[in-house]
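This report concerns only the one structure given below.
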Amino acid sequence: MLFESSKIILRKMTLQDVELYHTWRNDIEVMKSTSPFLDIYHIDETKEFVSQVILGSGSSRSYIIVEKESNNPVGITSLINIDYKNRNAECIIDIGDKTSWGKGYGTEAMKLLLDYSFLEMNLHRVYLRVFSFNNKAINLYEKIGFQHEGRLRESIFREGKWQDIIHMAILQNEYIKRDYVDRGAE
C-alpha cells in the first residue's frame with residue numbers, strides 16, 4: 001500500500017491534529033534539531049500555522065506518521081514548496097513522540113514519502129535542509145541516498161554556537177535505481 005509500511009501508516013494531517021502538533025511544536029527537545037526558530041507557541045498560533053501553512057497551501061502535503069500496532073501518532077512528514085513546473089519539493093520530518101526515537105519510524109516515513117514523491121507525483125528532485133549537528137538525521141539521509149549539495153556556513157545560532165545548515169537532495173532516477181537494487185530487482 002502506498003502510505004503504509006511494516007511499522008507505520010502515513011495519514012493526511014487534519015485540523016483534529018492541531019493539539020497533538022502543538023505539543024510537539026512546543027517541545028524544545030523535539031524542535032531544536034529541526035526548527036530554525038525556537039519559541040513557545042500559543043494554541044491559536046499553532047491553529048493558524050496549521051490552517052494556513054500546512055493545510056492551506058496548494059504547494060504542500062502533510063502526513064501524520066502513525067505507529068501501526070498501537071495506532072498512536074509519532075510524528076509528521078511533509079512535502080513543502082512543491083514546484084509542479086520544475087518537479088521539485090522540499091521534505092521535512094519530525095518524530096514528535098520522543099519515546100519513538102530510534103525505532104526506525106523516520107526511515108520508513110522518509111521511504112514512503114519518497115515513494116509517493118517519485119513514483120506517484122513524478123517529481124524529479126526532493127531536497128531538504130539539515131543542521132550540521134544533527135548527525136543521526138544526516139546518516140539517515142545518506143543511507144537513503146540523499147547527496148550533499150551545499151552548506152550554509154554558520155547560518156543558525158543554537159545552544160551558544162554557530163552551526164551550518166547542510167543542503168541535501170535526491171533525484172528521481174537515483175532513488176528508483178537505488179530502490180531497485182535494494183529490493184533485489186524483484
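Ordered as shown in the C-alpha cells, chains take letters A, B, and onward, while each chain numbers its residues from 1 and ligands are numbered from 1 in the order shown.
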Might you pull out every residue within 12 Å of His22 of chain A, with only C-alpha atoms counted and same-chain residues fewer than 2 positions away left off, and present them as a PyMOL selection string? chain A and resi 15-20+24-28+30-31+39-50+75-76+96
Could you name the residues that touch segment 148-154 of chain A at 7 Å or less, counting only C-alpha atoms, but leaving out those on the same chain fewer than 2 positions away, as a PyMOL selection string? chain A and resi 146+156+162-169
Here is a test: counting only C-alpha atoms, which residue of A:Arg87, A:Lys136, A:Lys143, A:Lys98 is nearest to Phe118 of chain A? A:Arg87
Rows by chain and residue number, segment 20-96 of chain A within 7 Å of segment 11-14 of chain A, shortest pair, only C-alpha atoms, as a tab-separated table:
residue	atom	partner	partner_atom	distance
A:Ser62	CA	A:Met13	CA	5.7
A:Tyr63	CA	A:Lys12	CA	4.5
A:Ile64	CA	A:Arg11	CA	5.3
A:Ile65	CA	A:Arg11	CA	6.8
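Closest approach to Leu10 of chain A from the set A:Tyr127, A:Phe133, A:Tyr116, A:Phe157 is made by A:Tyr116, with distances taken over only C-alpha atoms.
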List every residue of segment 102-154 of chain A that DSSP, applied to the backbone, labels as strand (DSSP E or B), and write the result as number ranges by chain. A: 125-131, 147-154
Nearest residue to Asn173 of chain A from the set A:Leu140, A:Ile82, A:Ala109, A:Val126 (distances using only C-alpha atoms): A:Val126
Within 12 Å of Ser70 of chain A, counting only C-alpha atoms, which residues qualify if same-chain residues fewer than 5 places away don't, as a PyMOL selection string? chain A and resi 7-9+65+100
Between A:His124, A:Lys32, A:Glu4, A:Ser117, which has the minimum distance to Glu67 of chain A (counting only C-alpha atoms)?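 Smallest separation from Glu67 of chain A among the options: A:Glu4.
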DSSP on the backbone, then: every residue of segment 22-119 of chain A marked helix (DSSP H, G or I), written as an MDAnalysis selection string. chainID A and resid 22:25 28:31 43:54 98:100 105:119
Write the residues you've just listed into a file as a short mmCIF file (atom, residue, chain, number, x, y, z; two decimals), in the first residue's frame, and include N, CA, C and O atoms for each of them.
data_model
loop_
_atom_site.label_atom_id
_atom_site.label_comp_id
_atom_site.auth_asym_id
_atom_site.auth_seq_id
_atom_site.Cartn_x
_atom_site.Cartn_y
_atom_site.Cartn_z
N HIS A 22 0.66 20.83 18.31
CA HIS A 22 1.00 21.92 19.23
C HIS A 22 1.94 21.41 20.34
O HIS A 22 2.90 22.08 20.70
N THR A 23 1.66 20.23 20.85
CA THR A 23 2.51 19.62 21.87
C THR A 23 3.92 19.42 21.34
O THR A 23 4.90 19.76 22.00
N TRP A 24 4.04 18.86 20.14
CA TRP A 24 5.35 18.62 19.55
C TRP A 24 6.06 19.93 19.25
O TRP A 24 7.26 20.08 19.48
N ARG A 25 5.30 20.90 18.72
CA ARG A 25 5.87 22.19 18.32
C ARG A 25 6.42 22.98 19.51
O ARG A 25 7.33 23.79 19.36
N ILE A 28 10.88 21.82 23.09
CA ILE A 28 12.18 22.31 22.62
C ILE A 28 13.11 21.17 22.25
O ILE A 28 13.85 21.25 21.27
N GLU A 29 13.07 20.08 23.01
CA GLU A 29 13.94 18.94 22.71
C GLU A 29 13.63 18.35 21.33
O GLU A 29 14.52 17.92 20.61
N VAL A 30 12.35 18.34 20.96
CA VAL A 30 11.94 17.83 19.66
C VAL A 30 12.36 18.79 18.54
O VAL A 30 12.90 18.39 17.52
N MET A 31 12.13 20.07 18.75
CA MET A 31 12.30 21.05 17.69
C MET A 31 13.73 21.59 17.53
O MET A 31 14.06 22.12 16.48
N ILE A 43 -1.71 28.14 21.50
CA ILE A 43 -2.51 27.22 20.70
C ILE A 43 -3.13 27.93 19.48
O ILE A 43 -3.22 27.35 18.40
N ASP A 44 -3.50 29.19 19.64
CA ASP A 44 -4.08 29.93 18.50
C ASP A 44 -3.05 30.14 17.38
O ASP A 44 -3.39 30.10 16.20
N GLU A 45 -1.78 30.34 17.76
CA GLU A 45 -0.72 30.48 16.76
C GLU A 45 -0.52 29.16 16.01
O GLU A 45 -0.33 29.15 14.79
N THR A 46 -0.59 28.07 16.73
CA THR A 46 -0.44 26.76 16.09
C THR A 46 -1.62 26.48 15.18
O THR A 46 -1.44 25.99 14.05
N LYS A 47 -2.84 26.79 15.62
CA LYS A 47 -4.03 26.60 14.77
C LYS A 47 -3.90 27.39 13.47
O LYS A 47 -4.17 26.88 12.39
N GLU A 48 -3.46 28.63 13.59
CA GLU A 48 -3.29 29.48 12.41
C GLU A 48 -2.20 28.91 11.50
O GLU A 48 -2.37 28.85 10.27
N PHE A 49 -1.09 28.47 12.08
CA PHE A 49 0.01 27.90 11.30
C PHE A 49 -0.47 26.64 10.56
O PHE A 49 -0.21 26.48 9.36
N VAL A 50 -1.16 25.76 11.25
CA VAL A 50 -1.64 24.52 10.62
C VAL A 50 -2.65 24.85 9.53
O VAL A 50 -2.57 24.32 8.41
N SER A 51 -3.59 25.75 9.82
CA SER A 51 -4.62 26.09 8.84
C SER A 51 -4.05 26.74 7.58
O SER A 51 -4.42 26.39 6.47
N GLN A 52 -3.16 27.70 7.78
CA GLN A 52 -2.67 28.48 6.64
C GLN A 52 -1.45 27.86 5.96
O GLN A 52 -1.40 27.78 4.74
N VAL A 53 -0.49 27.45 6.73
CA VAL A 53 0.78 26.99 6.15
C VAL A 53 0.75 25.51 5.81
O VAL A 53 1.14 25.11 4.71
N ILE A 54 0.28 24.68 6.73
CA ILE A 54 0.33 23.24 6.50
C ILE A 54 -0.84 22.76 5.63
O ILE A 54 -0.64 22.09 4.63
N LYS A 98 8.92 11.47 21.64
CA LYS A 98 10.32 11.14 21.97
C LYS A 98 10.52 9.67 22.33
O LYS A 98 11.60 9.13 22.15
N THR A 99 9.47 8.99 22.81
CA THR A 99 9.60 7.56 23.11
C THR A 99 9.71 6.74 21.83
O THR A 99 10.05 5.56 21.88
N SER A 100 9.44 7.35 20.69
CA SER A 100 9.53 6.66 19.39
C SER A 100 10.83 6.92 18.66
O SER A 100 11.03 6.42 17.56
N TYR A 105 11.14 4.63 12.63
CA TYR A 105 9.95 5.26 12.04
C TYR A 105 10.33 6.36 11.05
O TYR A 105 9.66 6.53 10.02
N GLY A 106 11.38 7.10 11.34
CA GLY A 106 11.83 8.15 10.44
C GLY A 106 12.28 7.59 9.10
O GLY A 106 11.93 8.14 8.04
N THR A 107 13.03 6.51 9.13
CA THR A 107 13.49 5.86 7.90
C THR A 107 12.30 5.41 7.07
O THR A 107 12.23 5.67 5.86
N GLU A 108 11.36 4.72 7.70
CA GLU A 108 10.20 4.22 6.96
C GLU A 108 9.34 5.35 6.43
O GLU A 108 8.84 5.29 5.30
N ALA A 109 9.16 6.40 7.23
CA ALA A 109 8.36 7.54 6.78
C ALA A 109 9.01 8.22 5.58
O ALA A 109 8.33 8.59 4.61
N MET A 110 10.33 8.39 5.62
CA MET A 110 11.04 9.02 4.50
C MET A 110 10.91 8.16 3.24
O MET A 110 10.68 8.70 2.14
N LYS A 111 11.02 6.86 3.37
CA LYS A 111 10.90 5.99 2.20
C LYS A 111 9.49 6.06 1.61
O LYS A 111 9.33 6.11 0.39
N LEU A 112 8.48 6.08 2.46
CA LEU A 112 7.11 6.20 1.96
C LEU A 112 6.90 7.54 1.27
O LEU A 112 6.27 7.61 0.21
N LEU A 113 7.43 8.60 1.88
CA LEU A 113 7.28 9.93 1.29
C LEU A 113 8.01 10.01 -0.06
O LEU A 113 7.49 10.60 -1.02
N LEU A 114 9.18 9.41 -0.16
CA LEU A 114 9.92 9.42 -1.42
C LEU A 114 9.26 8.53 -2.47
O LEU A 114 9.23 8.88 -3.65
N ASP A 115 8.71 7.40 -2.05
CA ASP A 115 7.93 6.57 -2.99
C ASP A 115 6.80 7.40 -3.59
O ASP A 115 6.58 7.41 -4.80
N TYR A 116 6.07 8.09 -2.73
CA TYR A 116 4.97 8.93 -3.19
C TYR A 116 5.48 10.04 -4.11
O TYR A 116 4.92 10.30 -5.18
N SER A 117 6.56 10.70 -3.70
CA SER A 117 7.12 11.82 -4.46
C SER A 117 7.54 11.41 -5.86
O SER A 117 7.23 12.09 -6.84
N PHE A 118 8.27 10.31 -5.95
CA PHE A 118 8.86 9.92 -7.22
C PHE A 118 7.99 8.98 -8.06
O PHE A 118 7.99 9.07 -9.28
N LEU A 119 7.26 8.08 -7.41
CA LEU A 119 6.52 7.08 -8.15
C LEU A 119 5.07 7.47 -8.42
O LEU A 119 4.44 6.90 -9.31
#
